[in-house]
$ cat input_4.tsv   # TSV, C-alpha atoms
chain	number	residue	atom	x	y	z
A	2	MET	CA	73.95	36.21	28.20
A	3	ASP	CA	70.95	38.01	29.74
A	4	ASN	CA	73.19	40.76	31.08
A	5	TYR	CA	74.78	41.13	27.63
A	6	PHE	CA	71.39	41.92	26.05
A	7	HIS	CA	69.97	44.05	28.90
A	8	ILE	CA	72.92	46.37	29.56
A	9	PRO	CA	72.69	48.23	26.16
A	10	GLN	CA	68.90	48.62	26.59
A	11	LEU	CA	69.36	49.97	30.11
A	12	ALA	CA	71.95	52.45	28.87
A	13	LYS	CA	69.56	53.64	26.14
A	14	ARG	CA	66.79	54.11	28.68
A	15	LYS	CA	69.06	56.15	30.93
A	16	ALA	CA	70.16	58.27	27.97
A	17	LYS	CA	66.52	58.91	26.98
A	18	ALA	CA	65.61	59.83	30.56
A	19	LYS	CA	68.57	62.20	30.71
A	20	ARG	CA	67.61	63.85	27.41
A	21	PHE	CA	64.01	64.21	28.57
A	22	LYS	CA	65.22	65.81	31.80
A	23	TYR	CA	67.33	68.34	29.90
A	24	ILE	CA	64.47	69.13	27.48
A	25	ALA	CA	62.10	69.71	30.41
A	26	MET	CA	64.65	71.98	32.10
A	27	MET	CA	65.12	73.93	28.86
A	28	ALA	CA	61.36	74.35	28.54
A	29	LEU	CA	61.18	75.66	32.12
A	30	VAL	CA	64.06	78.07	31.54
A	31	ALA	CA	62.49	79.28	28.28
A	32	SER	CA	59.11	79.94	29.94
A	33	VAL	CA	60.71	81.79	32.86
A	34	ALA	CA	62.88	83.80	30.46
A	35	PHE	CA	59.83	84.73	28.37
A	36	LEU	CA	57.93	85.80	31.50
A	37	ALA	CA	60.92	87.84	32.74
A	38	PHE	CA	61.28	89.49	29.32
A	39	PHE	CA	57.58	90.34	29.21
A	40	LEU	CA	57.52	91.82	32.73
A	41	SER	CA	60.75	93.75	32.25
A	42	ASP	CA	59.51	95.16	28.94
A	43	MET	CA	56.24	96.28	30.54
A	44	ILE	CA	58.07	97.84	33.49
A	45	ILE	CA	60.53	99.68	31.25
A	46	LYS	CA	57.74	101.01	29.02
A	47	GLY	CA	55.16	101.64	31.73
A	48	HIS	CA	56.98	103.02	34.77
A	49	GLY	CA	57.11	106.48	33.21
A	50	ALA	CA	53.31	106.75	33.28
A	51	PHE	CA	53.37	106.86	37.08
A	52	THR	CA	55.07	110.27	36.98
A	53	GLN	CA	54.02	113.44	35.16
A	54	THR	CA	55.95	116.60	34.24
A	55	TYR	CA	54.97	120.04	35.55
A	56	VAL	CA	56.40	123.39	34.42
A	57	LYS	CA	56.41	126.72	36.22
A	58	VAL	CA	55.27	129.49	33.89
A	59	PRO	CA	53.65	132.96	34.25
A	60	VAL	CA	49.85	132.69	34.37
A	61	LEU	CA	47.75	135.83	33.83
A	62	ILE	CA	44.26	135.60	35.30
A	63	ASN	CA	41.68	138.34	34.84
A	64	GLU	CA	38.09	138.55	33.63
A	65	LYS	CA	39.11	137.96	30.02
A	66	THR	CA	41.45	135.04	30.60
A	67	ALA	CA	39.02	133.49	33.08
A	68	LYS	CA	36.51	133.32	30.23
A	69	PHE	CA	39.01	132.41	27.49
A	70	THR	CA	41.43	130.29	29.47
A	71	HIS	CA	43.75	129.60	26.53
A	72	LEU	CA	44.85	133.25	26.84
A	73	ALA	CA	46.06	132.79	30.43
A	74	VAL	CA	49.52	131.74	29.20
A	75	ASP	CA	51.68	133.51	26.63
A	76	ARG	CA	51.02	131.24	23.64
A	77	LYS	CA	54.19	132.19	21.77
A	78	GLU	CA	56.53	131.80	24.74
A	79	TYR	CA	54.92	129.02	26.79
A	80	GLY	CA	51.93	127.77	24.82
A	81	PHE	CA	53.82	124.77	23.42
A	82	MET	CA	54.59	123.37	26.89
A	83	VAL	CA	51.36	123.81	28.89
A	84	SER	CA	48.64	121.18	28.66
A	85	ARG	CA	45.40	122.23	26.99
A	86	ALA	CA	43.53	120.16	29.54
A	87	TRP	CA	45.05	122.18	32.39
A	88	LEU	CA	44.03	125.44	30.74
A	89	ARG	CA	40.49	124.17	30.15
A	90	GLY	CA	40.26	123.14	33.79
A	91	LEU	CA	41.37	126.56	34.96
A	92	LYS	CA	37.74	127.68	35.30
A	93	ASN	CA	37.06	124.94	37.84
A	94	THR	CA	40.34	125.76	39.60
A	95	LEU	CA	39.25	129.38	40.01
A	96	LYS	CA	36.08	128.23	41.75
A	97	ASP	CA	38.18	126.57	44.44
A	98	THR	CA	40.88	129.28	44.52
A	99	PRO	CA	39.16	132.65	43.90
A	100	GLU	CA	42.26	134.41	45.23
A	101	TRP	CA	43.94	133.65	41.89
A	102	MET	CA	41.72	136.21	40.16
A	103	ASN	CA	43.48	139.37	38.93
A	104	THR	CA	46.96	137.94	39.39
A	105	ASN	CA	49.94	137.50	37.09
A	106	LYS	CA	52.54	135.21	38.65
A	107	GLU	CA	54.43	132.03	37.96
A	108	ARG	CA	52.48	128.87	38.77
A	109	TRP	CA	53.09	125.15	38.38
A	110	THR	CA	51.11	123.92	35.40
A	111	LEU	CA	50.66	120.50	33.84
A	112	ALA	CA	53.03	120.01	30.91
A	113	ASN	CA	51.75	118.63	27.63
A	114	SER	CA	52.70	115.19	26.37
A	115	ASN	CA	55.57	116.34	24.12
A	116	VAL	CA	57.35	118.09	26.97
A	117	ASP	CA	56.66	115.16	29.27
A	118	GLN	CA	58.08	112.69	26.76
A	119	PHE	CA	61.19	114.86	26.26
A	120	ILE	CA	61.85	115.02	30.00
A	121	LYS	CA	61.52	111.23	30.16
A	122	GLY	CA	63.98	110.83	27.28
A	123	LYS	CA	61.44	109.49	24.80
A	124	TYR	CA	60.30	110.40	21.30
A	125	ASN	CA	58.74	113.87	21.01
A	126	ARG	CA	57.89	116.46	18.38
A	127	LEU	CA	59.52	119.50	19.98
A	128	LYS	CA	61.49	121.89	17.80
A	129	PRO	CA	65.18	122.66	18.56
A	130	GLU	CA	64.39	126.12	19.97
A	131	GLN	CA	61.66	124.65	22.15
A	132	ILE	CA	64.07	122.03	23.46
A	133	LYS	CA	66.55	124.77	24.37
A	134	LYS	CA	63.78	126.60	26.24
A	135	ILE	CA	62.88	123.50	28.23
A	136	GLU	CA	66.54	122.76	29.02
A	137	GLN	CA	67.02	126.30	30.32
A	138	MET	CA	63.92	125.98	32.50
A	139	GLN	CA	65.32	122.72	33.86
A	140	LYS	CA	68.49	124.53	34.90
A	141	ASP	CA	66.37	127.21	36.57
A	142	GLY	CA	64.42	124.60	38.54
A	143	LYS	CA	61.15	125.29	36.75
A	144	VAL	CA	60.58	121.73	35.55
A	145	GLU	CA	59.54	118.92	37.92
A	146	ARG	CA	58.41	115.31	37.68
A	147	ARG	CA	55.71	114.44	40.19
A	148	PHE	CA	53.66	111.37	41.00
A	149	ASN	CA	50.90	111.09	38.41
A	150	ASN	CA	47.75	111.49	40.50
A	151	ILE	CA	45.74	111.98	37.30
A	152	PHE	CA	46.35	108.36	36.28
A	153	PHE	CA	44.60	107.12	39.44
A	154	GLU	CA	41.95	109.85	39.72
A	155	LYS	CA	40.60	110.51	36.21
A	156	GLY	CA	39.00	108.63	33.36
A	157	ASP	CA	40.04	108.44	29.73
A	158	SER	CA	40.85	111.57	27.76
A	159	LYS	CA	41.77	112.48	24.20
A	160	ILE	CA	44.65	114.48	25.69
A	161	PRO	CA	47.38	111.97	26.69
A	162	GLU	CA	48.73	113.77	29.76
A	163	PHE	CA	45.21	114.07	31.20
A	164	SER	CA	44.11	110.47	30.62
A	165	GLY	CA	43.57	108.26	33.66
A	166	PHE	CA	42.83	104.65	34.53
A	167	MET	CA	40.48	105.15	37.47
A	168	ALA	CA	37.22	105.03	35.49
A	169	SER	CA	38.14	101.61	34.09
A	170	ILE	CA	39.23	100.35	37.53
A	171	VAL	CA	35.88	101.36	39.04
A	172	GLY	CA	34.04	99.90	36.03
A	173	THR	CA	35.92	96.61	36.45
A	174	ILE	CA	35.06	96.44	40.16
A	175	MET	CA	31.37	97.11	39.52
A	176	THR	CA	31.28	94.58	36.68
A	177	MET	CA	32.99	91.89	38.79
A	178	ILE	CA	30.55	92.49	41.66
A	179	ILE	CA	27.66	91.61	39.32
A	180	THR	CA	29.59	88.63	37.96
A	181	MET	CA	30.36	87.32	41.44
A	182	LEU	CA	26.80	87.74	42.75
A	183	ILE	CA	25.38	85.79	39.80
A	184	ALA	CA	28.02	83.20	38.87
A	185	VAL	CA	29.25	81.99	42.28
A	186	PRO	CA	25.88	81.08	43.91
A	187	LEU	CA	24.46	79.57	40.72
A	188	GLY	CA	27.66	77.66	39.94
A	189	VAL	CA	28.04	76.22	43.45
A	190	MET	CA	24.37	75.24	43.76
A	191	THR	CA	24.41	73.62	40.32
A	192	ALA	CA	27.51	71.62	41.22
A	193	ILE	CA	25.95	70.49	44.51
A	194	TYR	CA	22.80	69.31	42.77
A	195	LEU	CA	24.61	67.48	39.96
A	196	GLU	CA	27.14	65.82	42.26
A	197	GLU	CA	25.08	65.05	45.36
A	198	PHE	CA	21.38	64.89	44.45
A	199	ALA	CA	20.90	64.28	40.70
A	200	LYS	CA	20.52	60.71	39.48
A	201	ASP	CA	23.16	59.35	37.16
A	202	ASN	CA	21.23	58.98	33.92
A	203	LYS	CA	21.55	60.06	30.29
A	204	PHE	CA	19.93	63.43	30.97
A	205	THR	CA	22.44	64.45	33.65
A	206	GLN	CA	25.29	63.04	31.59
A	207	ILE	CA	24.26	65.23	28.62
A	208	ILE	CA	24.12	68.26	30.94
A	209	GLU	CA	27.61	67.57	32.29
A	210	VAL	CA	29.05	67.08	28.81
A	211	ASN	CA	27.55	70.39	27.68
A	212	ILE	CA	28.90	72.19	30.76
A	213	ASN	CA	32.38	70.87	30.01
A	214	ASN	CA	32.04	71.95	26.38
A	215	LEU	CA	30.87	75.44	27.39
A	216	ALA	CA	34.03	75.89	29.46
A	217	ALA	CA	36.12	75.53	26.29
A	218	ILE	CA	34.27	77.62	23.69
A	219	PRO	CA	35.66	81.06	22.60
A	220	SER	CA	34.70	83.85	24.97
A	221	ILE	CA	33.45	86.12	22.17
A	222	LEU	CA	30.47	83.78	21.72
A	223	PHE	CA	29.34	84.67	25.23
A	224	GLY	CA	29.54	88.30	24.16
A	225	LEU	CA	27.25	87.59	21.22
A	226	LEU	CA	24.87	85.79	23.57
A	227	GLY	CA	24.88	88.74	25.97
A	228	LEU	CA	24.24	91.15	23.10
A	229	ALA	CA	21.33	89.09	21.75
A	230	ILE	CA	19.64	88.26	25.07
A	231	PHE	CA	20.45	90.94	27.64
A	232	ILE	CA	20.59	94.01	25.36
A	233	ASN	CA	18.36	93.25	22.37
A	234	PHE	CA	15.74	91.10	24.14
A	235	PHE	CA	15.65	92.31	27.76
A	236	GLY	CA	16.77	95.89	27.05
A	237	VAL	CA	19.57	96.09	29.61
A	238	PRO	CA	21.52	99.37	29.14
A	239	ARG	CA	24.41	98.97	26.74
A	240	SER	CA	27.96	99.47	28.07
A	241	SER	CA	26.73	99.22	31.68
A	242	PRO	CA	28.37	97.16	34.46
A	243	LEU	CA	25.10	95.24	34.72
A	244	VAL	CA	25.19	93.85	31.17
A	245	GLY	CA	28.96	93.31	31.35
A	246	GLY	CA	28.68	91.44	34.65
A	247	MET	CA	25.83	89.25	33.40
A	248	THR	CA	27.79	88.40	30.24
A	249	LEU	CA	30.91	87.48	32.21
A	250	ALA	CA	28.75	85.47	34.62
A	251	LEU	CA	27.61	83.30	31.71
A	252	MET	CA	31.26	82.77	30.75
A	253	SER	CA	32.37	81.98	34.33
A	254	LEU	CA	29.54	79.58	35.21
A	255	PRO	CA	30.97	76.46	33.47
A	256	VAL	CA	34.39	76.93	35.09
A	257	ILE	CA	32.89	77.39	38.56
A	258	ILE	CA	30.60	74.37	38.12
A	259	VAL	CA	33.44	72.10	36.97
A	260	SER	CA	35.80	73.20	39.76
A	261	SER	CA	33.05	72.91	42.39
A	262	LYS	CA	32.15	69.39	41.23
A	263	ALA	CA	35.80	68.41	41.46
A	264	ALA	CA	35.98	69.80	44.99
A	265	LEU	CA	32.89	67.83	46.03
A	266	LYS	CA	34.30	64.63	44.49
A	267	SER	CA	37.48	65.05	46.54
A	268	VAL	CA	35.50	64.64	49.79
A	269	PRO	CA	35.75	60.93	50.82
A	270	ASP	CA	32.59	58.86	50.72
A	271	SER	CA	33.29	57.78	54.31
A	272	ILE	CA	32.11	61.23	55.42
A	273	ARG	CA	28.75	60.69	53.75
A	274	GLN	CA	28.44	57.09	54.99
A	275	ALA	CA	29.17	58.17	58.56
A	276	GLY	CA	26.42	60.79	58.29
A	277	PHE	CA	23.90	58.22	57.07
A	278	ALA	CA	24.93	55.90	59.92
A	279	LEU	CA	24.06	58.67	62.40
A	280	GLY	CA	20.62	59.11	60.83
A	281	LEU	CA	21.27	62.42	59.08
A	282	THR	CA	19.42	63.39	55.94
A	283	LYS	CA	21.18	63.89	52.61
A	284	TRP	CA	20.84	67.66	52.86
A	285	GLN	CA	22.21	67.73	56.42
A	286	ILE	CA	25.25	65.72	55.35
A	287	VAL	CA	25.93	68.00	52.39
A	288	ARG	CA	25.32	71.22	54.33
A	289	ASP	CA	27.19	70.43	57.55
A	290	HIS	CA	29.95	68.06	56.44
A	291	VAL	CA	30.58	67.78	52.69
A	292	LEU	CA	30.23	71.46	51.79
A	293	PRO	CA	32.62	72.80	54.50
A	294	LEU	CA	35.28	70.29	53.43
A	295	ALA	CA	34.84	71.13	49.74
A	296	MET	CA	34.69	74.90	50.26
A	297	PRO	CA	38.46	75.59	49.84
A	298	GLY	CA	38.45	73.99	46.39
A	299	MET	CA	35.25	75.82	45.48
A	300	LEU	CA	36.69	79.17	46.57
A	301	THR	CA	39.87	78.52	44.61
A	302	GLY	CA	37.93	77.68	41.46
A	303	ALA	CA	35.62	80.68	41.87
A	304	ILE	CA	38.48	83.15	42.38
A	305	ILE	CA	40.41	81.79	39.39
A	306	ALA	CA	37.26	81.96	37.23
A	307	LEU	CA	36.62	85.57	38.30
A	308	ALA	CA	40.27	86.47	37.66
A	309	GLN	CA	39.99	85.00	34.19
A	310	ALA	CA	36.78	86.96	33.58
A	311	MET	CA	38.48	90.16	34.74
A	312	GLY	CA	41.06	89.81	31.97
A	313	GLU	CA	38.54	89.21	29.19
A	314	THR	CA	38.05	91.80	26.47
A	315	ALA	CA	36.23	90.14	23.55
A	316	PRO	CA	32.83	89.52	25.20
A	317	LEU	CA	32.77	93.04	26.67
A	318	ILE	CA	33.54	94.59	23.30
A	319	MET	CA	30.38	92.94	21.98
A	320	VAL	CA	28.22	94.58	24.68
A	321	GLY	CA	29.73	98.04	24.11
A	322	MET	CA	32.13	98.35	27.04
A	323	ILE	CA	34.91	99.73	24.86
A	324	ALA	CA	33.26	103.14	24.56
A	325	PHE	CA	35.07	106.41	25.39
A	326	ILE	CA	34.22	107.00	29.07
A	327	PRO	CA	35.82	110.14	30.57
A	328	ASP	CA	33.79	110.10	33.81
A	329	ILE	CA	33.81	107.60	36.66
A	330	SER	CA	30.55	105.63	36.83
A	331	THR	CA	28.39	105.89	39.93
A	332	SER	CA	25.64	103.42	39.00
A	333	PHE	CA	25.41	99.87	37.69
A	334	LEU	CA	23.27	101.22	34.84
A	335	ASP	CA	25.68	103.97	33.72
A	336	ALA	CA	27.98	103.51	30.75
A	337	THR	CA	31.47	102.45	31.78
A	338	THR	CA	34.55	100.63	30.56
A	339	VAL	CA	36.86	98.02	32.07
A	340	MET	CA	40.63	97.69	32.37
A	341	PRO	CA	41.22	95.28	29.45
A	342	ALA	CA	39.05	97.39	27.14
A	343	GLN	CA	40.81	100.59	28.22
A	344	ILE	CA	44.20	99.01	27.55
A	345	PHE	CA	42.97	97.88	24.12
A	346	THR	CA	41.77	101.42	23.35
A	347	TRP	CA	45.05	103.04	24.40
A	348	SER	CA	47.08	100.54	22.37
A	349	GLY	CA	45.43	101.83	19.20
A	350	MET	CA	45.95	105.56	19.87
A	351	PRO	CA	48.42	107.33	17.54
A	352	GLU	CA	50.14	109.48	20.21
A	353	ARG	CA	53.38	108.00	21.59
A	354	ALA	CA	52.44	109.06	25.13
A	355	TYR	CA	49.75	106.36	25.20
A	356	ILE	CA	52.40	103.62	24.86
A	357	GLU	CA	53.54	104.08	28.46
A	358	ARG	CA	49.96	104.34	29.67
A	359	THR	CA	49.12	101.08	27.92
A	360	ALA	CA	52.05	99.35	29.63
A	361	ALA	CA	51.15	100.93	32.99
A	362	GLY	CA	47.56	99.71	32.64
A	363	ILE	CA	48.84	96.20	31.93
A	364	LEU	CA	50.99	96.36	35.07
A	365	VAL	CA	48.01	97.42	37.20
A	366	LEU	CA	45.84	94.65	35.72
A	367	LEU	CA	48.60	92.05	36.23
A	368	GLY	CA	49.03	93.18	39.83
A	369	ILE	CA	45.33	92.66	40.55
A	370	LEU	CA	45.24	89.28	38.81
A	371	ILE	CA	48.34	88.06	40.66
A	372	SER	CA	46.80	89.23	43.95
A	373	LEU	CA	43.59	87.29	43.27
A	374	ASN	CA	45.53	84.13	42.44
A	375	ALA	CA	47.63	84.58	45.58
A	376	ILE	CA	44.42	84.85	47.64
A	377	ALA	CA	43.14	81.64	46.04
A	378	ILE	CA	46.37	79.79	46.93
A	379	TYR	CA	46.26	81.15	50.49
A	380	LEU	CA	42.63	80.09	51.02
A	381	ARG	CA	43.32	76.65	49.62
A	382	LYS	CA	46.28	76.09	51.93
A	383	LYS	CA	44.59	77.58	55.00
A	384	TYR	CA	41.29	75.73	54.85
A	385	THR	CA	42.30	72.46	53.21
A	386	LYS	CA	41.81	69.59	55.66
A	387	THR	CA	43.34	66.16	55.53
A	388	TRP	CA	41.43	63.02	56.29
$ encode --input "input_4.tsv" --output "C-alpha cells"
Amino acid sequence: MDNYFHIPQLAKRKAKAKRFKYIAMMALVASVAFLAFFLSDMIIKGHGAFTQTYVKVPVLINEKTAKFTHLAVDRKEYGFMVSRAWLRGLKNTLKDTPEWMNTNKERWTLANSNVDQFIKGKYNRLKPEQIKKIEQMQKDGKVERRFNNIFFEKGDSKIPEFSGFMASIVGTIMTMIITMLIAVPLGVMTAIYLEEFAKDNKFTQIIEVNINNLAAIPSILFGLLGLAIFINFFGVPRSSPLVGGMTLALMSLPVIIVSSKAALKSVPDSIRQAGFALGLTKWQIVRDHVLPLAMPGMLTGAIIALAQAMGETAPLIMVGMIAFIPDISTSFLDATTVMPAQIFTWSGMPERAYIERTAAGILVLLGILISLNAIAIYLRKKYTKTW
C-alpha cells in the first residue's frame, strides 16, 4: 500500500525536477544568445571605425593656399571628398614638411565622412555624380582604406572622420588612478578594523548596515554628493580627473569594504588562535597571517569594484565630465572626459558616422573591463590557499 501512494508522488517530483532542469537550460541558452547578439551587433557596427578612407587628389600649396588652406584643393572637383579637418591641419603639416611649399601634385588626403561611409557600404549623402567620381577613382587606385590611427591618437571632434577616443582613454586612466589610490587603502583598512578590531555593539552594527545600504543606492546620488562637496564646497576643478576619481572612490568604497570583510571572514579562526598561542599580538596576527591569506579575495573585490566604476556614466555627468574635450589631458586638474561619457556623447550625435565610433568605443571599453575581470580571476586562483 505504501508503494502505491509513494510511486505517483515520486513520479511528480521527477517530472518537476526535469522541468526545472529544462527551464534552467533555456535561461542559460537565452542569456548566452543575448550576449552573442549584443557582441555581434557591436562588432558589425563598430569594426568599420578601425579603418579610415583616404583619397589621392591634386593639392596646390603656395603662399595663398598655405594661408587659406581650404583653397589647396579644387573645391568643385574634389572639395566634396576631402576632410575639412585635414585641410585645416595643413598648416601644421607644412611646418613638418616645408618641402611641400610651392608644389602642385597628387597627395593622399583624409576623406570626409560621406565618402568614408560610401566606401564602407553605409548610408551617405553623396550625389549620383559624386558617387561616379569616387567609383572611377577606386578603379584608378586613388582610394584606400587604412588603419584609423586618428581613433587612437586624437580626442573628440565635431568632424566625424577626425574624432578619436584617446583623450577619453587617458582621462579614464587618470580618473581610475585617483579612484584606486583613495578607495582601495581606505576600503581595506576599514574592513580590517570592523572585522578584526572593532567591538560587536550597536554602533558598529549600524555602521555595517549603512555600508551595505550604500553599496546598493543609485550611482547618480554619489555624483550629486561629489558635486555638492568636492566642487561647490572644496572648489575642486570641475570636469577634472581629480573630482571624477574622488566621486568614483566614494561609490567604490562600500563594495570594497564588503568584499574585504568577506575575505577576512573566510580565514579560519584556527589561524588567529594559533597566533595567540604563540604569544603574538592582535596586529601581528592580522598583518602577518590573516591579511596575506585574505589578500586574494580583497584584490578580486577591489578590481571588480574598480571595473564597475570604470563603466559608470551618471555620477561623472554630474561633475561635468561629459564636456567636449578635443585635447588629451596632461594634468589631474585639467578638464577631461572618460570612455562611458564619450560613448554617451557620440550616441547622441546626428551624423551617421558616429554610430560606428560609438560601437567601436563600446568594444574598447568592453575589452578593458573583460581584461580587468580576467586579472581578478587569475589573482584569485593563483594566490588562493587551502587550509
$ residues_near_point --input "input_4.tsv" --point "(24.6, 96.4, 31.4)" --cutoff "12 Å" --atoms "all atoms listed in the file" --output "ChimeraX atom specification"
/A:172,175-176,179-180,224,227-228,230-233,235-249,317,319-322,332-338
$ atom_distance --input "input_4.tsv" --atom1 "atom CA of A:Phe166" --atom2 "atom CA of A:Ile323"
13.4 Å
$ closest_residue --input "input_4.tsv" --among "A:Ala315, A:Leu367, A:Met350, A:Leu265" --to "A:Leu294" --atoms "all atoms listed in the file"
A:Leu265
$ atom_distance --input "input_4.tsv" --atom1 "atom CA of A:Leu36" --atom2 "atom CA of A:His48"
17.6 Å
$ atom_distance --input "input_4.tsv" --atom1 "atom CA of A:Met299" --atom2 "atom CA of A:Ala250"
15.9 Å
$ closest_residue --input "input_4.tsv" --among "A:Tyr194, A:Phe325, A:Phe163, A:Phe35" --to "A:Thr54" --atoms "all atoms listed in the file"
A:Phe163
$ residues_around --input "input_4.tsv" --residues "stretch 379-382 of chain A" --least-positions-apart "4" --cutoff "8 Å" --atoms "all atoms listed in the file" --output "VMD selection string"
chain A and resid 297 to 298 300 to 301 375
$ closest_residue --input "input_4.tsv" --among "A:Tyr23, A:Leu40, A:Tyr55, A:Val339" --to "A:Ala324" --atoms "all atoms listed in the file"
A:Val339
$ closest_residue --input "input_4.tsv" --among "A:Ser114, A:Asn63, A:Ser220, A:Asn374" --to "A:Leu91" --atoms "all atoms listed in the file"
A:Asn63
$ closest_residue --input "input_4.tsv" --among "A:Met252, A:Glu197, A:Gly368, A:Leu187" --to "A:Ile286" --atoms "only C-alpha atoms"
A:Glu197
$ residues_around --input "input_4.tsv" --residues "stretch 106-108 of chain A" --least-positions-apart "4" --cutoff "9 Å" --atoms "all atoms listed in the file" --output "mmCIF file with C-alpha atoms, keeping the file's coordinate frame"
data_model
loop_
_atom_site.group_PDB
_atom_site.id
_atom_site.type_symbol
_atom_site.label_atom_id
_atom_site.label_comp_id
_atom_site.auth_asym_id
_atom_site.auth_seq_id
_atom_site.Cartn_x
_atom_site.Cartn_y
_atom_site.Cartn_z
ATOM 1 C CA VAL A 56 56.400 123.390 34.420
ATOM 2 C CA LYS A 57 56.410 126.720 36.220
ATOM 3 C CA VAL A 58 55.270 129.490 33.890
ATOM 4 C CA PRO A 59 53.650 132.960 34.250
ATOM 5 C CA VAL A 60 49.850 132.690 34.370
ATOM 6 C CA LEU A 61 47.750 135.830 33.830
ATOM 7 C CA ILE A 62 44.260 135.600 35.300
#
$ closest_residue --input "input_4.tsv" --among "A:Ile344, A:Met190, A:Leu364, A:Ile376" --to "A:Asp157" --atoms "all atoms listed in the file"
A:Ile344
$ residues_around --input "input_4.tsv" --residues "A:Val83" --least-positions-apart "5" --cutoff "7 Å" --atoms "only C-alpha atoms" --output "list in words"
Thr110, Leu111, Ala112 and Asn113 of chain A
$ residues_near_point --input "input_4.tsv" --point "(36.1, 71.0, 46.6)" --cutoff "12 Å" --atoms "only C-alpha atoms" --output "VMD selection string"
chain A and resid 189 192 to 193 196 257 to 269 290 to 303 381 384 to 386
$ residues_around --input "input_4.tsv" --residues "A:Pro161" --least-positions-apart "6" --cutoff "9 Å" --atoms "all atoms listed in the file" --output "number ranges by chain"
A: 113-114, 352-355, 358
$ decode --input "input_4.tsv" --residues "stretch 313-338 of chain A" --atoms "C-alpha atoms" --output "short mmCIF file (atom, residue, chain, number, x, y, z; two decimals), in the first residue's frame"
data_model
loop_
_atom_site.label_atom_id
_atom_site.label_comp_id
_atom_site.auth_asym_id
_atom_site.auth_seq_id
_atom_site.Cartn_x
_atom_site.Cartn_y
_atom_site.Cartn_z
CA GLU A 313 29.83 54.38 -14.72
CA THR A 314 28.47 57.43 -16.50
CA ALA A 315 25.79 59.02 -14.30
CA PRO A 316 27.99 60.24 -11.40
CA LEU A 317 30.58 61.65 -13.82
CA ILE A 318 27.92 63.55 -15.75
CA MET A 319 27.03 65.33 -12.52
CA VAL A 320 30.63 66.54 -12.03
CA GLY A 321 30.94 67.77 -15.63
CA MET A 322 33.00 65.01 -17.24
CA ILE A 323 30.77 64.89 -20.31
CA ALA A 324 32.19 68.12 -21.71
CA PHE A 325 33.60 68.41 -25.25
CA ILE A 326 37.33 67.69 -24.81
CA PRO A 327 39.35 67.75 -28.06
CA ASP A 328 42.79 67.65 -26.39
CA ILE A 329 44.42 64.92 -24.34
CA SER A 330 44.77 65.92 -20.67
CA THR A 331 48.23 66.16 -19.15
CA SER A 332 47.28 67.02 -15.56
CA PHE A 333 44.90 65.70 -12.91
CA LEU A 334 43.44 69.21 -12.69
CA ASP A 335 42.77 69.67 -16.42
CA ALA A 336 39.31 69.16 -17.89
CA THR A 337 38.87 65.71 -19.39
CA THR A 338 36.27 63.10 -20.25
#
